[in-house]
$ cat protein21.pdb   # PDB, C-alpha atoms and all ligand atoms
ATOM      1  CA  MET F 807       0.000   0.000   0.000  1.00  0.00           C
ATOM      2  CA  THR F 808       1.139   3.537  -0.629  1.00  0.00           C
ATOM      3  CA  ALA F 809      -0.041   6.905   0.544  1.00  0.00           C
ATOM      4  CA  ASP F 810      -2.078   7.051  -2.685  1.00  0.00           C
ATOM      5  CA  ASN F 811      -4.591   4.646  -1.188  1.00  0.00           C
ATOM      6  CA  THR F 812      -5.202   6.693   1.929  1.00  0.00           C
ATOM      7  CA  SER F 813      -6.457  10.176   2.554  1.00  0.00           C
ATOM      8  CA  LEU F 814      -3.123  10.998   4.205  1.00  0.00           C
ATOM      9  CA  SER F 815      -0.087  12.170   2.267  1.00  0.00           C
ATOM     10  CA  SER F 816       3.105  10.130   2.266  1.00  0.00           C
ATOM     11  CA  SER F 817       4.837  12.802   4.334  1.00  0.00           C
ATOM     12  CA  GLN F 818       2.025  12.678   6.923  1.00  0.00           C
ATOM     13  CA  ILE F 819       2.402   8.894   7.122  1.00  0.00           C
ATOM     14  CA  ALA F 820       6.187   9.192   7.363  1.00  0.00           C
ATOM     15  CA  ASP F 821       5.708  11.689  10.192  1.00  0.00           C
ATOM     16  CA  ILE F 822       3.431   9.247  12.062  1.00  0.00           C
ATOM     17  CA  ALA F 823       6.007   6.463  11.571  1.00  0.00           C
ATOM     18  CA  ARG F 824       8.746   8.733  12.914  1.00  0.00           C
ATOM     19  CA  ARG F 825       6.805   9.484  16.091  1.00  0.00           C
ATOM     20  CA  LEU F 826       5.777   5.884  16.666  1.00  0.00           C
ATOM     21  CA  ASP F 827       8.372   4.371  18.992  1.00  0.00           C
ATOM     22  CA  ARG F 828       6.600   1.131  19.934  1.00  0.00           C
ATOM     23  CA  PRO F 829       4.790  -1.756  18.281  1.00  0.00           C
ATOM     24  CA  LEU F 830       1.191  -1.396  17.155  1.00  0.00           C
ATOM     25  CA  VAL F 831      -0.916  -4.342  18.266  1.00  0.00           C
ATOM     26  CA  LEU F 832      -4.247  -4.997  16.574  1.00  0.00           C
ATOM     27  CA  VAL F 833      -6.929  -6.543  18.772  1.00  0.00           C
ATOM     28  CA  GLY F 834     -10.588  -7.396  18.236  1.00  0.00           C
ATOM     29  CA  LEU F 835     -12.906 -10.232  17.434  1.00  0.00           C
ATOM     30  CA  MET F 836     -12.410 -12.915  14.770  1.00  0.00           C
ATOM     31  CA  GLY F 837     -13.261 -11.553  11.340  1.00  0.00           C
ATOM     32  CA  VAL F 838     -12.583  -7.850  11.941  1.00  0.00           C
ATOM     33  CA  GLY F 839      -9.657  -8.032   9.514  1.00  0.00           C
ATOM     34  CA  LYS F 840      -6.680  -7.737  11.884  1.00  0.00           C
ATOM     35  CA  SER F 841      -4.305  -9.651   9.611  1.00  0.00           C
ATOM     36  CA  THR F 842      -5.225  -7.949   6.339  1.00  0.00           C
ATOM     37  CA  VAL F 843      -5.414  -4.501   7.903  1.00  0.00           C
ATOM     38  CA  GLY F 844      -2.190  -5.149   9.836  1.00  0.00           C
ATOM     39  CA  ARG F 845      -0.247  -6.143   6.742  1.00  0.00           C
ATOM     40  CA  ARG F 846      -1.357  -3.017   4.870  1.00  0.00           C
ATOM     41  CA  LEU F 847      -0.803  -0.746   7.845  1.00  0.00           C
ATOM     42  CA  ALA F 848       2.735  -2.094   8.286  1.00  0.00           C
ATOM     43  CA  SER F 849       3.436  -1.542   4.633  1.00  0.00           C
ATOM     44  CA  ALA F 850       2.156   2.052   4.799  1.00  0.00           C
ATOM     45  CA  LEU F 851       4.336   2.756   7.832  1.00  0.00           C
ATOM     46  CA  GLN F 852       7.243   0.812   6.315  1.00  0.00           C
ATOM     47  CA  ARG F 853       7.447  -1.456   9.336  1.00  0.00           C
ATOM     48  CA  ASP F 854       7.516  -5.227   9.813  1.00  0.00           C
ATOM     49  CA  PHE F 855       4.305  -7.172  10.114  1.00  0.00           C
ATOM     50  CA  GLN F 856       3.866 -10.169  12.413  1.00  0.00           C
ATOM     51  CA  ASP F 857       0.791 -12.341  12.748  1.00  0.00           C
ATOM     52  CA  ALA F 858       0.672 -13.885  16.235  1.00  0.00           C
ATOM     53  CA  ASP F 859      -1.503 -16.828  15.115  1.00  0.00           C
ATOM     54  CA  ASP F 860       1.006 -17.664  12.352  1.00  0.00           C
ATOM     55  CA  ALA F 861       3.865 -17.443  14.860  1.00  0.00           C
ATOM     56  CA  ILE F 862       2.016 -19.798  17.241  1.00  0.00           C
ATOM     57  CA  GLU F 863       1.447 -22.280  14.406  1.00  0.00           C
ATOM     58  CA  GLU F 864       5.095 -22.082  13.448  1.00  0.00           C
ATOM     59  CA  ALA F 865       6.288 -22.613  17.018  1.00  0.00           C
ATOM     60  CA  ALA F 866       3.940 -25.580  17.506  1.00  0.00           C
ATOM     61  CA  GLN F 867       4.386 -26.943  13.970  1.00  0.00           C
ATOM     62  CA  ARG F 868       0.609 -27.378  13.937  1.00  0.00           C
ATOM     63  CA  SER F 869      -2.421 -25.421  12.784  1.00  0.00           C
ATOM     64  CA  ILE F 870      -4.486 -23.564  15.401  1.00  0.00           C
ATOM     65  CA  ALA F 871      -7.283 -26.124  14.899  1.00  0.00           C
ATOM     66  CA  GLU F 872      -4.842 -28.998  15.512  1.00  0.00           C
ATOM     67  CA  ILE F 873      -3.495 -27.326  18.667  1.00  0.00           C
ATOM     68  CA  PHE F 874      -7.067 -26.972  20.013  1.00  0.00           C
ATOM     69  CA  ASP F 875      -7.921 -30.566  19.027  1.00  0.00           C
ATOM     70  CA  GLU F 876      -4.785 -32.218  20.364  1.00  0.00           C
ATOM     71  CA  PHE F 877      -3.987 -30.131  23.458  1.00  0.00           C
ATOM     72  CA  GLY F 878      -7.023 -27.972  24.230  1.00  0.00           C
ATOM     73  CA  GLU F 879      -7.656 -24.256  24.522  1.00  0.00           C
ATOM     74  CA  ALA F 880      -5.684 -23.711  27.767  1.00  0.00           C
ATOM     75  CA  TYR F 881      -2.530 -25.019  26.071  1.00  0.00           C
ATOM     76  CA  PHE F 882      -3.156 -22.748  23.091  1.00  0.00           C
ATOM     77  CA  ARG F 883      -3.582 -19.724  25.414  1.00  0.00           C
ATOM     78  CA  ASP F 884      -0.241 -20.480  27.137  1.00  0.00           C
ATOM     79  CA  GLY F 885       1.527 -20.573  23.785  1.00  0.00           C
ATOM     80  CA  GLU F 886      -0.308 -17.445  22.670  1.00  0.00           C
ATOM     81  CA  ARG F 887       0.798 -15.553  25.790  1.00  0.00           C
ATOM     82  CA  ARG F 888       4.462 -16.518  25.279  1.00  0.00           C
ATOM     83  CA  VAL F 889       4.499 -15.802  21.550  1.00  0.00           C
ATOM     84  CA  ILE F 890       2.895 -12.358  21.905  1.00  0.00           C
ATOM     85  CA  ALA F 891       5.306 -11.441  24.724  1.00  0.00           C
ATOM     86  CA  ARG F 892       8.210 -12.326  22.412  1.00  0.00           C
ATOM     87  CA  LEU F 893       6.776 -10.400  19.456  1.00  0.00           C
ATOM     88  CA  VAL F 894       6.101  -7.302  21.572  1.00  0.00           C
ATOM     89  CA  GLU F 895       9.563  -7.391  23.171  1.00  0.00           C
ATOM     90  CA  GLU F 896      11.299  -7.878  19.815  1.00  0.00           C
ATOM     91  CA  GLY F 897       9.227  -5.710  17.579  1.00  0.00           C
ATOM     92  CA  THR F 898       8.672  -2.164  16.562  1.00  0.00           C
ATOM     93  CA  GLY F 899       6.264  -3.075  13.801  1.00  0.00           C
ATOM     94  CA  VAL F 900       2.629  -4.063  13.503  1.00  0.00           C
ATOM     95  CA  ILE F 901       1.373  -7.222  15.235  1.00  0.00           C
ATOM     96  CA  ALA F 902      -2.018  -8.838  14.558  1.00  0.00           C
ATOM     97  CA  THR F 903      -3.279 -10.946  17.469  1.00  0.00           C
ATOM     98  CA  GLY F 904      -5.925 -13.671  17.675  1.00  0.00           C
ATOM     99  CA  GLY F 905      -9.304 -12.512  18.965  1.00  0.00           C
ATOM    100  CA  GLY F 906      -8.854 -13.948  22.466  1.00  0.00           C
ATOM    101  CA  ALA F 907      -5.341 -12.677  23.150  1.00  0.00           C
ATOM    102  CA  PHE F 908      -6.268  -9.291  24.640  1.00  0.00           C
ATOM    103  CA  ALA F 909      -8.727 -10.952  27.047  1.00  0.00           C
ATOM    104  CA  ASP F 910      -5.744 -12.475  28.852  1.00  0.00           C
ATOM    105  CA  PRO F 911      -4.790 -10.143  31.746  1.00  0.00           C
ATOM    106  CA  GLU F 912      -1.024 -10.669  31.397  1.00  0.00           C
ATOM    107  CA  THR F 913      -0.995 -10.164  27.634  1.00  0.00           C
ATOM    108  CA  ARG F 914      -3.257  -7.122  27.908  1.00  0.00           C
ATOM    109  CA  ALA F 915      -1.066  -5.498  30.575  1.00  0.00           C
ATOM    110  CA  LEU F 916       2.069  -6.106  28.516  1.00  0.00           C
ATOM    111  CA  ILE F 917       0.554  -4.672  25.335  1.00  0.00           C
ATOM    112  CA  LEU F 918      -0.835  -1.607  27.112  1.00  0.00           C
ATOM    113  CA  ASP F 919       2.561  -0.987  28.717  1.00  0.00           C
ATOM    114  CA  LYS F 920       4.940  -1.691  25.835  1.00  0.00           C
ATOM    115  CA  ALA F 921       2.858  -1.163  22.692  1.00  0.00           C
ATOM    116  CA  VAL F 922      -0.158   0.714  21.367  1.00  0.00           C
ATOM    117  CA  ALA F 923      -3.301  -1.408  21.266  1.00  0.00           C
ATOM    118  CA  VAL F 924      -5.697  -0.742  18.389  1.00  0.00           C
ATOM    119  CA  TRP F 925      -9.179  -2.222  18.774  1.00  0.00           C
ATOM    120  CA  ILE F 926     -10.884  -2.885  15.464  1.00  0.00           C
ATOM    121  CA  ASP F 927     -14.605  -3.206  16.109  1.00  0.00           C
ATOM    122  CA  ALA F 928     -17.261  -4.234  13.582  1.00  0.00           C
ATOM    123  CA  GLU F 929     -20.945  -5.058  13.303  1.00  0.00           C
ATOM    124  CA  LEU F 930     -21.791  -8.629  14.233  1.00  0.00           C
ATOM    125  CA  ASP F 931     -23.337  -9.280  10.782  1.00  0.00           C
ATOM    126  CA  THR F 932     -20.063  -8.313   9.124  1.00  0.00           C
ATOM    127  CA  LEU F 933     -18.120 -10.678  11.387  1.00  0.00           C
ATOM    128  CA  VAL F 934     -20.514 -13.559  10.739  1.00  0.00           C
ATOM    129  CA  GLU F 935     -20.209 -13.014   7.007  1.00  0.00           C
ATOM    130  CA  ARG F 936     -16.401 -12.742   7.026  1.00  0.00           C
ATOM    131  CA  THR F 937     -15.742 -15.682   9.372  1.00  0.00           C
ATOM    132  CA  GLY F 938     -18.151 -17.832   7.349  1.00  0.00           C
ATOM    133  CA  ARG F 939     -15.751 -17.811   4.406  1.00  0.00           C
ATOM    134  CA  ARG F 940     -13.337 -20.246   6.088  1.00  0.00           C
ATOM    135  CA  ASN F 941     -13.816 -23.129   8.492  1.00  0.00           C
ATOM    136  CA  THR F 942     -10.472 -22.833  10.280  1.00  0.00           C
ATOM    137  CA  ARG F 943     -11.586 -21.335  13.590  1.00  0.00           C
ATOM    138  CA  PRO F 944     -12.110 -23.979  16.278  1.00  0.00           C
ATOM    139  CA  LEU F 945     -14.263 -21.743  18.495  1.00  0.00           C
ATOM    140  CA  LEU F 946     -16.854 -21.328  15.730  1.00  0.00           C
ATOM    141  CA  ARG F 947     -17.196 -24.992  14.873  1.00  0.00           C
ATOM    142  CA  ASN F 948     -19.467 -26.113  17.673  1.00  0.00           C
ATOM    143  CA  GLY F 949     -22.598 -24.046  17.420  1.00  0.00           C
ATOM    144  CA  ASP F 950     -24.184 -21.110  15.675  1.00  0.00           C
ATOM    145  CA  PRO F 951     -21.360 -18.696  14.722  1.00  0.00           C
ATOM    146  CA  ALA F 952     -23.595 -15.621  15.154  1.00  0.00           C
ATOM    147  CA  GLU F 953     -24.538 -16.672  18.666  1.00  0.00           C
ATOM    148  CA  ILE F 954     -20.926 -17.557  19.588  1.00  0.00           C
ATOM    149  CA  LEU F 955     -19.519 -14.319  18.175  1.00  0.00           C
ATOM    150  CA  GLY F 956     -22.212 -12.302  19.950  1.00  0.00           C
ATOM    151  CA  ARG F 957     -21.382 -13.955  23.264  1.00  0.00           C
ATOM    152  CA  LEU F 958     -17.624 -13.499  22.798  1.00  0.00           C
ATOM    153  CA  LEU F 959     -18.152  -9.832  21.969  1.00  0.00           C
ATOM    154  CA  GLU F 960     -20.148  -9.293  25.173  1.00  0.00           C
ATOM    155  CA  GLN F 961     -17.465 -11.054  27.230  1.00  0.00           C
ATOM    156  CA  ARG F 962     -14.505  -9.337  25.601  1.00  0.00           C
ATOM    157  CA  ARG F 963     -15.813  -5.842  24.889  1.00  0.00           C
ATOM    158  CA  PRO F 964     -14.684  -4.467  28.292  1.00  0.00           C
ATOM    159  CA  PHE F 965     -11.139  -5.708  27.591  1.00  0.00           C
ATOM    160  CA  TYR F 966     -11.013  -4.450  24.022  1.00  0.00           C
ATOM    161  CA  ALA F 967     -12.287  -1.094  25.294  1.00  0.00           C
ATOM    162  CA  GLU F 968      -9.033  -0.674  27.241  1.00  0.00           C
ATOM    163  CA  ALA F 969      -7.128  -0.299  23.956  1.00  0.00           C
ATOM    164  CA  GLN F 970      -5.604   3.149  23.452  1.00  0.00           C
ATOM    165  CA  ILE F 971      -7.114   3.440  19.980  1.00  0.00           C
ATOM    166  CA  LYS F 972     -10.479   2.286  18.655  1.00  0.00           C
ATOM    167  CA  VAL F 973     -11.719   2.199  15.075  1.00  0.00           C
ATOM    168  CA  VAL F 974     -14.823   0.706  13.515  1.00  0.00           C
ATOM    169  CA  SER F 975     -14.430  -1.452  10.418  1.00  0.00           C
ATOM    170  CA  SER F 976     -17.310  -1.185   7.979  1.00  0.00           C
ATOM    171  CA  ASP F 977     -18.020  -3.956   5.511  1.00  0.00           C
ATOM    172  CA  GLY F 978     -16.210  -1.867   2.903  1.00  0.00           C
ATOM    173  CA  PRO F 979     -12.577  -2.252   1.851  1.00  0.00           C
ATOM    174  CA  HIS F 980      -9.968  -2.845   4.551  1.00  0.00           C
ATOM    175  CA  MET F 981      -8.027   0.204   3.317  1.00  0.00           C
ATOM    176  CA  ARG F 982     -10.708   2.362   4.896  1.00  0.00           C
ATOM    177  CA  THR F 983      -9.823   0.835   8.260  1.00  0.00           C
ATOM    178  CA  VAL F 984      -6.109   1.397   7.629  1.00  0.00           C
ATOM    179  CA  ASP F 985      -6.889   5.023   6.894  1.00  0.00           C
ATOM    180  CA  ALA F 986      -8.987   5.368  10.069  1.00  0.00           C
ATOM    181  CA  ILE F 987      -6.206   3.850  12.187  1.00  0.00           C
ATOM    182  CA  LEU F 988      -3.578   6.190  10.749  1.00  0.00           C
ATOM    183  CA  LYS F 989      -5.759   9.220  11.536  1.00  0.00           C
ATOM    184  CA  GLU F 990      -6.504   8.066  15.086  1.00  0.00           C
ATOM    185  CA  LEU F 991      -2.855   7.264  15.598  1.00  0.00           C
ATOM    186  CA  ASP F 992      -1.860  10.707  14.350  1.00  0.00           C
ATOM    187  CA  SER F 993      -4.024  12.411  16.978  1.00  0.00           C
ATOM    188  CA  TRP F 994      -3.095   9.967  19.722  1.00  0.00           C
ATOM    189  CA  LEU F 995       0.630  10.460  19.195  1.00  0.00           C
TER     190      LEU F 995
HETATM  191  C1  LIG F1001      -9.543 -16.948  18.619  1.00  0.00           C
HETATM  192  C2  LIG F1001      -9.295 -16.235  17.457  1.00  0.00           C
HETATM  193  C3  LIG F1001      -8.446 -16.760  16.370  1.00  0.00           C
HETATM  194  C4  LIG F1001      -7.425 -17.754  16.910  1.00  0.00           C
HETATM  195  C5  LIG F1001      -8.110 -18.818  17.703  1.00  0.00           C
HETATM  196  C6  LIG F1001      -8.924 -18.273  18.872  1.00  0.00           C
HETATM  197  C7  LIG F1001     -10.417 -16.341  19.655  1.00  0.00           C
HETATM  198  O1  LIG F1001      -7.766 -15.688  15.723  1.00  0.00           O
HETATM  199  O2  LIG F1001      -6.463 -17.110  17.705  1.00  0.00           O
HETATM  200  O3  LIG F1001      -8.933 -19.534  16.804  1.00  0.00           O
HETATM  201  O4  LIG F1001     -10.365 -16.788  20.812  1.00  0.00           O
HETATM  202  O5  LIG F1001     -11.161 -15.393  19.334  1.00  0.00           O
HETATM  203  P1  LIG F1001      -8.495 -14.614  14.744  1.00  0.00           P
HETATM  204  O6  LIG F1001      -9.107 -13.552  15.601  1.00  0.00           O
HETATM  205  O7  LIG F1001      -7.354 -14.080  13.936  1.00  0.00           O
HETATM  206  O8  LIG F1001      -9.467 -15.365  13.938  1.00  0.00           O
END
$ encode --input "protein21.pdb" --output "structure tokens"
Amino acid sequence: MTADNTSLSSSQIADIARRLDRPLVLVGLMGVGKSTVGRRLASALQRDFQDADDAIEEAAQRSIAEIFDEFGEAYFRDGERRVIARLVEEGTGVIATGGGAFADPETRALILDKAVAVWIDAELDTLVERTGRRNTRPLLRNGDPAEILGRLLEQRRPFYAEAQIKVVSSDGPHMRTVDAILKELDSWL
């Protein structure tokens, strides 16, 4: 992505990147677009991009679904906590996290202290539609995805709300969300 795709000029984006001295961590429910938005945001800011779920899969040499199936959710959460701590300590770039990561008190405290948390929120209908495109998410396999996502949002909203920055993702292109994050970041910094 270049500045051409956003409403900010390349010098405005470069100025934001210059002032940003810590990693940006994207949080929010499954389907809000953390990975896609994160990759484009990192490219705009000319920073590295890391996807925590990919890093967990690499460390475990298994897919997220296999980790849940073979070892259970608690084991996955332990790995998730360790991997995100490593990415935050190492990184100055953009990190996309899995939807449950920021609900963990230790991970949340670390991110709020050492990074900038960006909560991407979206309408439930949008999340149901986007998550319905793939069947890779273990938490959505046993029941009605709309009901599960609705319940998770109620449980996690208070945690997500602690993020320093909040944007709402419409069902339009993800670049609009990238643009909204850059603007919020500009005023926050
Ligand atoms: C989870 C979200 C997933 C993944 C795992 C659990 C959650 O990531 O970490 O399936 O608890 O909400 P995405 O939010 O990237 O789908």
$ closest_atom_pairs --input "protein21.pdb" --of "stretch 821-842 of chain F" --to "stretch 891-903 of chain F" --cutoff "7 Å" --atoms "only C-alpha atoms" --output "CSV"
residue,atom,partner,partner_atom,distance
F:Asp827,CA,F:Thr898,CA,7.0
F:Arg828,CA,F:Thr898,CA,5.1
F:Pro829,CA,F:Thr898,CA,4.3
F:Leu830,CA,F:Val900,CA,4.7
F:Val831,CA,F:Ile901,CA,4.8
F:Leu832,CA,F:Ala902,CA,4.9
F:Val833,CA,F:Thr903,CA,5.9
F:Lys840,CA,F:Ala902,CA,5.5
F:Ser841,CA,F:Ala902,CA,5.5
$ resolve_selection --input "protein21.pdb" --expression "the PyMOL selection byres (((chain F and resi 935) around 12) and not hetatm)" --output "PyMOL selection string"
chain F and resi 836-839+928-934+936-940+951-952+955+977
$ atom_distance --input "protein21.pdb" --atom1 "atom CA of F:Leu946" --atom2 "atom CA of F:Val922"
28.2 Å
$ atom_distance --input "protein21.pdb" --atom1 "atom CA of F:Ala921" --atom2 "atom CA of F:Ile890"
11.2 Å
$ resolve_selection --input "protein21.pdb" --expression "the PyMOL selection byres (((chain F and resi 965) around 9) and not hetatm)" --output "ChimeraX atom specification"
/F:908-911,914,961-964,966-969
$ write_last_selection --input "protein21.pdb" --atoms "C-alpha atoms" --output "short mmCIF file (atom, residue, chain, number, x, y, z; two decimals), in the frame of the given file"
data_model
loop_
_atom_site.label_atom_id
_atom_site.label_comp_id
_atom_site.auth_asym_id
_atom_site.auth_seq_id
_atom_site.Cartn_x
_atom_site.Cartn_y
_atom_site.Cartn_z
CA PHE F 908 -6.27 -9.29 24.64
CA ALA F 909 -8.73 -10.95 27.05
CA ASP F 910 -5.74 -12.48 28.85
CA PRO F 911 -4.79 -10.14 31.75
CA ARG F 914 -3.26 -7.12 27.91
CA GLN F 961 -17.46 -11.05 27.23
CA ARG F 962 -14.50 -9.34 25.60
CA ARG F 963 -15.81 -5.84 24.89
CA PRO F 964 -14.68 -4.47 28.29
CA TYR F 966 -11.01 -4.45 24.02
CA ALA F 967 -12.29 -1.09 25.29
CA GLU F 968 -9.03 -0.67 27.24
CA ALA F 969 -7.13 -0.30 23.96
#
$ atom_distance --input "protein21.pdb" --atom1 "atom CA of F:Gln818" --atom2 "atom CA of F:Gly834"
26.3 Å
$ axis_aligned_box --input "protein21.pdb" --around "ligand LIG 1001 (chain F)" --padding-each-side "5 Å" --output "AutoDock Vina command-line options"
--center_x -8.8 --center_y -16.5 --center_z 17.4 --size_x 14.7 --size_y 16.0 --size_z 16.9
$ closest_residue --input "protein21.pdb" --among "F:Leu851, F:Ala880, F:Leu991, F:Ile822" --to "ligand LIG 1001 (chain F)" --atoms "all atoms listed in the file"
F:Ala880
$ residues_near_point --input "protein21.pdb" --point "(6.1, -19.4, 16.7)" --cutoff "12 Å" --atoms "all atoms listed in the file" --output "MDAnalysis selection string"
chainID F and resid 856:870 882 885:893
$ residues_around --input "protein21.pdb" --residues "F:Arg982" --least-positions-apart "5" --cutoff "9 Å" --atoms "all atoms listed in the file" --output "MDAnalysis selection string"
chainID F and resid 811:812 975:976 987
$ residues_around --input "protein21.pdb" --residues "F:Arg845" --least-positions-apart "3" --cutoff "6 Å" --atoms "all atoms listed in the file" --output "list in words"
Thr842, Ala848 and Phe855 of chain F
$ closest_residue --input "protein21.pdb" --among "F:Val843, F:Glu912, F:Ala871, F:Leu826" --to "F:Trp994" --atoms "only C-alpha atoms"
F:Leu826
